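A.B. asks: Handing you this structure, nothing more for now.
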Amino acid sequence: MSRSFGKDAGYTVGLFFLPWVFASMLSYGQARYWGPSYVDPSFAQRGYLQPATTSSRTASSTRSLAATRDQVHPAAAPKAGRERNSGALRGVVAGMTSYVAATAFGGPEALSVLNETLGEPGPGEVRLRVHAVGTNLVDSKVYSGAYGRDVARLPLRIGYEAAGTVTAVGPEAVGPAGPISVGDEVIVFRAPGAYAEELLVPAGAVLPKPATLDWNQAAGLMLTGVTATHALAATAVGAGDTVLIHGGAGGVGIMAIQLAAGRGATVVATASPANHALLAELGAIPVAYGPGLADRVRAAAPGGVDAALDLVGTDEALDVSLELVADRDRIATIAGFSRGFGAGIKVLGVAPGADNGAAIRDAARLELVRLTEAGALTVHVQQTFPLAEAAAAHRLLMDGHGAGKVILVP
Ligand SMILES: NC(=O)c1ccc[n+]([C@@H]2O[C@H](COP(=O)([O-])OP(=O)(O)OC[C@H]3O[C@@H](n4cnc5c(N)ncnc54)[C@H](OP(=O)(O)O)[C@@H]3O)[C@@H](O)[C@H]2O)c1
């Protein structure tokens, strides 16, 4: 599978990304952060597209990630083992903190480490020391040029989700789970520019970190989790159903398998053979994608398939879903938009005519925390990279055959 914004990058860009971007620009005037809101509709609706240059931020220098290691800002330099997550790097340069942004449009080589000074949190804001950052394919699309190449948008901050410790709170800093205090261990989701050592975020983005997850896992819980929850809700997957999940070893797929199994469904999931053991461990019947897929699914699910989730956007995923599932209201895609619309199935995300699932995704955040704390859900981390090696992390993401989350460690 070629790595793309699903199969329909041009479509998604042209039809549903730009309206959100322009709305965000109008809201924020000089905002430099342009993020695709497809990752979570209410992210944009709530005005959380925080610019890189708010009054409390000042970017002061830029260093290329292509620089040799000892040229990289010391606060972003890779450290061995647990120290990466210990918070010990903070304050290497007094008052300064590092973040990753694209200083040009293009591939991962466009990413650079920049420094800024973070101010104190204002009303309804929270500052945190970041211990781990969740990466998503969409992060690379932000700076790819697929959404335009207006240099006024540079440097372009990237990232949506992270986990860390609260270091300061402004007045009335109340999150979805209640008041937020210094020292709280949290997940931030819909946290624009999350590729950073430290962040200022709206309290509404702050969720409790489940004690059952380490920092790296916690950073990768939300985006894939809310998307999988939405897909299962849209197709009404429940006890007694058999659901076919295309792309079961991906970040969204791993969440969808666990959540579907937790609802009492039988899950048949596709992956390359190397990931079949993982799928079985998660509770799915693994099948290989590729020619003959429909027959392999029939063999795995002799009683038939009630619902299907396309999490990869390939023609094969849609064709097999249409062949095996009688009710098109029980087929959903998160990645094959144009074909999805044409086939009359559920198209999930932010696009004209698509189901943005804002209410479902909102409600899913605390439910994901609850399920994880109850031991019913976990996050699989494929690989970690130092924050300063975000470009290498993105190259891995774009490979398209990962099994779980790719995490950055400041
Ligand atoms: N609409 C939304 O709200 C929304 C939200 C999040 C993500 N997305 C999109 O959804 C897609 C999946 O995201 P993700 O984060 O789960 O990606 P991911 O973690 O990179 O996973 C992609 C998975 O696709 C599998 N794969 C590759 N080629 C395949 C093929 N031909 N058939 C079936 N599976 C194949 C890979 O499995 P193997 O390694 O086993 O090959 C890999 O595990 C992306 O296109 C992303 O942009 C949409």
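In the structure tokens, each chain is lettered A, B, ... as it comes, each chain's residues begin at 1, and ligands are numbered from 1 in order of appearance.
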Per residue of chain A within 6 Å of ligand 1, note the shortest atom pair and the distance in Å to one decimal, counting only C-alpha atoms and all ligand atoms, and order the rows by chain and increasing residue number, as CSV.
C.D. replies:
residue,atom,partner,partner_atom_place_in_ligand_line,distance
A:Met1,CA,ligand 1,28 (N),4.1
A:Phe5,CA,ligand 1,47 (O),4.5
A:Gly6,CA,ligand 1,45 (O),3.6
A:Tyr38,CA,ligand 1,3 (O),5.3
A:Val39,CA,ligand 1,3 (O),4.8
A:Asn136,CA,ligand 1,15 (O),5.8
A:Leu137,CA,ligand 1,47 (O),5.5
A:Val138,CA,ligand 1,47 (O),5.5
A:Thr224,CA,ligand 1,6 (C),5.9
A:Thr227,CA,ligand 1,5 (C),5.3
A:His246,CA,ligand 1,33 (C),5.3
A:Gly247,CA,ligand 1,34 (N),3.7
A:Ala249,CA,ligand 1,43 (O),3.9
A:Gly250,CA,ligand 1,21 (O),3.0
A:Gly251,CA,ligand 1,16 (O),3.7
A:Val252,CA,ligand 1,16 (O),3.8
A:Gly253,CA,ligand 1,16 (O),5.5
A:Thr270,CA,ligand 1,33 (C),5.8
A:Ala271,CA,ligand 1,40 (O),3.6
A:Ser272,CA,ligand 1,40 (O),3.6
A:Asn275,CA,ligand 1,40 (O),5.3
A:Tyr289,CA,ligand 1,32 (N),5.3
A:Leu311,CA,ligand 1,12 (C),5.1
A:Val312,CA,ligand 1,11 (C),5.0
A:Ile334,CA,ligand 1,1 (N),3.9
A:Ala335,CA,ligand 1,45 (O),4.9
A:Leu348,CA,ligand 1,1 (N),5.2
A:Gly349,CA,ligand 1,1 (N),4.1
A:Leu397,CA,ligand 1,20 (O),5.7
A:Gly400,CA,ligand 1,20 (O),4.9
A:His401,CA,ligand 1,39 (O),3.0
A:Gly402,CA,ligand 1,39 (O),4.6
A:Ala403,CA,ligand 1,43 (O),4.9
A:Gly404,CA,ligand 1,19 (O),5.7
A.B. asks: Taking C-alpha atoms for each residue, export the selection above as a CSV table (one decimal), in the first residue's frame.
C.D. replies:
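See selection.csv below for the written result:
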chain,number,residue,atom,x,y,z
A,1,MET,CA,0.0,0.0,0.0
A,5,PHE,CA,-3.9,10.2,3.2
A,6,GLY,CA,-5.8,7.1,2.5
A,38,TYR,CA,-10.0,15.3,9.9
A,39,VAL,CA,-8.2,13.7,12.7
A,136,ASN,CA,0.2,9.9,13.1
A,137,LEU,CA,0.4,9.7,9.3
A,138,VAL,CA,-1.6,12.9,9.0
A,224,THR,CA,-6.6,6.1,17.0
A,227,THR,CA,-11.4,7.0,15.4
A,246,HIS,CA,-9.2,-4.1,7.1
A,247,GLY,CA,-5.8,-3.0,8.3
A,249,ALA,CA,-2.3,-4.1,12.5
A,250,GLY,CA,-2.4,-0.4,12.1
A,251,GLY,CA,-2.8,2.1,14.9
A,252,VAL,CA,-6.6,2.4,14.3
A,253,GLY,CA,-6.9,-1.3,13.6
A,270,THR,CA,-6.5,-8.3,7.7
A,271,ALA,CA,-2.7,-7.9,8.0
A,272,SER,CA,0.5,-9.1,6.4
A,275,ASN,CA,1.4,-9.3,12.0
A,289,TYR,CA,-4.9,-9.3,2.5
A,311,LEU,CA,-9.1,1.4,7.8
A,312,VAL,CA,-6.7,1.3,4.8
A,334,ILE,CA,-11.9,6.2,7.3
A,335,ALA,CA,-9.6,6.3,4.3
A,348,LEU,CA,-16.1,8.9,8.5
A,349,GLY,CA,-14.1,12.1,9.0
A,397,LEU,CA,5.2,5.9,9.3
A,400,GLY,CA,2.8,1.8,5.7
A,401,HIS,CA,3.4,-1.6,7.3
A,402,GLY,CA,3.7,-0.7,10.9
A,403,ALA,CA,2.3,-2.6,13.8
A,404,GLY,CA,1.3,-0.1,16.3
A.B. asks: Find the residues near Val126 (chain A): any atom within 10 Å, counting only C-alpha atoms, skip ones fewer than 5 places away on the same chain, and give them as a ChimeraX atom specification.
C.D. replies: /A:120-121,166-175,180-182,188,199-206
A.B. asks: At a cut-off of 12 Å, can you tabulate as a tab-separated table every residue of region 91-182 of chain A near region 355-378 of chain A together with its closest atom pair and the distance in Å to one decimal, using only C-alpha atoms and ordering rows by chain then number?
C.D. replies:
residue	atom	partner	partner_atom	distance
A:Gly175	CA	A:Leu366	CA	10.7
A:Pro176	CA	A:Leu366	CA	7.7
A:Ala177	CA	A:Leu366	CA	7.4
A:Gly178	CA	A:Leu366	CA	11.2
A.B. asks: Considering only C-alpha atoms, can you say which of A:Gly145, A:Gly119, A:Pro410, A:Gly290 comes closest to Ala102 (chain A)?
C.D. replies: A:Gly145
A.B. asks: Need the shell around region 324-327 of chain A: protein/DNA/RNA residues with any atom at most 10 Å away, counting only C-alpha atoms. Skip same-chain ones fewer than 5 positions apart. Format as number ranges by chain?
C.D. replies: A: 235, 243-244, 294-295, 297-298, 304-308, 319, 345
A.B. asks: Now that the selection is made, can you save its residues with N, CA and C atoms as a PDB file, in the first residue's frame?
C.D. replies:
ATOM      1  N   THR A 235     -21.129   1.710  12.560  1.00  0.00           N
ATOM      2  CA  THR A 235     -21.571   0.459  11.954  1.00  0.00           C
ATOM      3  C   THR A 235     -22.317  -0.431  12.951  1.00  0.00           C
ATOM      4  N   VAL A 243     -17.397  -8.904  12.546  1.00  0.00           N
ATOM      5  CA  VAL A 243     -16.945  -7.694  11.867  1.00  0.00           C
ATOM      6  C   VAL A 243     -15.601  -7.961  11.190  1.00  0.00           C
ATOM      7  N   LEU A 244     -15.501  -7.490   9.952  1.00  0.00           N
ATOM      8  CA  LEU A 244     -14.250  -7.586   9.188  1.00  0.00           C
ATOM      9  C   LEU A 244     -13.527  -6.251   9.300  1.00  0.00           C
ATOM     10  N   ALA A 294     -11.545 -12.376  -0.218  1.00  0.00           N
ATOM     11  CA  ALA A 294     -12.947 -12.674   0.102  1.00  0.00           C
ATOM     12  C   ALA A 294     -13.121 -14.144   0.498  1.00  0.00           C
ATOM     13  N   ASP A 295     -12.465 -15.034  -0.226  1.00  0.00           N
ATOM     14  CA  ASP A 295     -12.591 -16.464   0.100  1.00  0.00           C
ATOM     15  C   ASP A 295     -11.960 -16.780   1.454  1.00  0.00           C
ATOM     16  N   VAL A 297     -11.769 -14.765   3.957  1.00  0.00           N
ATOM     17  CA  VAL A 297     -12.667 -14.253   5.005  1.00  0.00           C
ATOM     18  C   VAL A 297     -13.864 -15.192   5.166  1.00  0.00           C
ATOM     19  N   ARG A 298     -14.394 -15.685   4.050  1.00  0.00           N
ATOM     20  CA  ARG A 298     -15.521 -16.630   4.146  1.00  0.00           C
ATOM     21  C   ARG A 298     -15.114 -17.870   4.953  1.00  0.00           C
ATOM     22  N   GLY A 304     -20.864 -15.822   8.031  1.00  0.00           N
ATOM     23  CA  GLY A 304     -21.086 -14.552   7.347  1.00  0.00           C
ATOM     24  C   GLY A 304     -20.500 -13.367   8.102  1.00  0.00           C
ATOM     25  N   VAL A 305     -20.459 -12.248   7.409  1.00  0.00           N
ATOM     26  CA  VAL A 305     -19.895 -11.017   7.974  1.00  0.00           C
ATOM     27  C   VAL A 305     -21.007  -9.976   8.068  1.00  0.00           C
ATOM     28  N   ASP A 306     -21.177  -9.418   9.241  1.00  0.00           N
ATOM     29  CA  ASP A 306     -22.265  -8.461   9.467  1.00  0.00           C
ATOM     30  C   ASP A 306     -21.856  -7.014   9.196  1.00  0.00           C
ATOM     31  N   ALA A 307     -20.578  -6.714   9.422  1.00  0.00           N
ATOM     32  CA  ALA A 307     -20.127  -5.322   9.297  1.00  0.00           C
ATOM     33  C   ALA A 307     -18.667  -5.324   8.865  1.00  0.00           C
ATOM     34  N   ALA A 308     -18.230  -4.219   8.269  1.00  0.00           N
ATOM     35  CA  ALA A 308     -16.831  -4.130   7.832  1.00  0.00           C
ATOM     36  C   ALA A 308     -16.315  -2.709   8.032  1.00  0.00           C
ATOM     37  N   ASP A 319     -13.974  -3.401  -2.069  1.00  0.00           N
ATOM     38  CA  ASP A 319     -14.618  -4.434  -2.885  1.00  0.00           C
ATOM     39  C   ASP A 319     -15.027  -5.641  -2.041  1.00  0.00           C
ATOM     40  N   ILE A 345     -21.627   3.861   1.381  1.00  0.00           N
ATOM     41  CA  ILE A 345     -21.301   3.354   2.718  1.00  0.00           C
ATOM     42  C   ILE A 345     -21.037   4.531   3.653  1.00  0.00           C
TER      43      ILE A 345
END
A.B. asks: Please report the interatomic distance between CA of Phe385 (chain A) and CA of Ala191 (chain A) in Å with one decimal.
C.D. replies: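 It comes out at 19.6 Å.
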A.B. asks: Between CA of Ala101 (chain A) and CA of Pro155 (chain A), what is the spacing in Å?
C.D. replies: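 CA of Ala101 (chain A) lies 5.9 Å from CA of Pro155 (chain A).
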A.B. asks: Identify, on the basis of only C-alpha atoms, every residue whose closest approach to Thr266 (chain A) does not exceed 10 Å; exclude the query and any residue fewer than 4 positions from it along the same chain; express the result as a list in words.
C.D. replies: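 Residues near the query, excluding close chain neighbours: Val237, Gly238, Ala239, Gly240, Asp241, Thr242, Val243, Leu244, Ile257, Ala260, Ala261, Gly262, Gly283, Ala284, Ile285, Ala301, Val305 and Asp306 of chain A.
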A.B. asks: Write the residues you've just listed into a file as a short mmCIF file (atom, residue, chain, number, x, y, z; two decimals), in the first residue's frame, and include C-alpha atoms for each of them.
C.D. replies:
data_model
loop_
_atom_site.label_atom_id
_atom_site.label_comp_id
_atom_site.auth_asym_id
_atom_site.auth_seq_id
_atom_site.Cartn_x
_atom_site.Cartn_y
_atom_site.Cartn_z
CA VAL A 237 -20.99 -3.37 15.94
CA GLY A 238 -22.14 -5.27 19.01
CA ALA A 239 -22.41 -8.64 20.68
CA GLY A 240 -23.02 -11.50 18.29
CA ASP A 241 -21.79 -9.62 15.21
CA THR A 242 -18.93 -10.71 13.00
CA VAL A 243 -16.94 -7.69 11.87
CA LEU A 244 -14.25 -7.59 9.19
CA ILE A 257 -10.01 -5.03 17.19
CA ALA A 260 -14.96 -4.76 18.88
CA ALA A 261 -13.94 -7.84 20.83
CA GLY A 262 -14.82 -6.01 24.02
CA GLY A 283 -8.54 -11.42 19.84
CA ALA A 284 -8.99 -11.39 16.06
CA ILE A 285 -8.94 -14.12 13.45
CA ALA A 301 -16.26 -16.54 9.13
CA VAL A 305 -19.89 -11.02 7.97
CA ASP A 306 -22.26 -8.46 9.47
#
A.B. asks: Can you check which residues of region 171-201 of chain A DSSP gives as strand (DSSP E) on the backbone and send them as a list of chain:residue names?
C.D. replies: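 Secondary structure check on region 171-201 of chain A, strand (DSSP E): A:Val174, A:Gly175, A:Gly178, A:Pro179, A:Glu185, A:Val186, A:Ile187, A:Val188, A:Phe189, A:Glu198, A:Leu199, A:Leu200, A:Val201.
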A.B. asks: Write out as a ChimeraX atom specification all residues of region 265-295 of chain A that backbone DSSP assigns to helix (DSSP H, G or I).
C.D. replies: /A:273-282,293-295
A.B. asks: Find the residue from A:Gly248, A:Thr97, A:Gly264, A:Thr384 that sits nearest to Ala277 (chain A); use only C-alpha atoms when measuring.
C.D. replies: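 Closest residue, counting only C-alpha atoms: A:Gly248.
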A.B. asks: Select, from A:Thr333, A:Thr135, A:Thr103, A:Ser112, the residue with the minimum atom-to-atom distance to Val409 (chain A), counting only C-alpha atoms.
C.D. replies: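 Checking each of A:Thr333, A:Thr135, A:Thr103, A:Ser112 against Val409 (chain A), counting only C-alpha atoms, the winner is A:Thr135.
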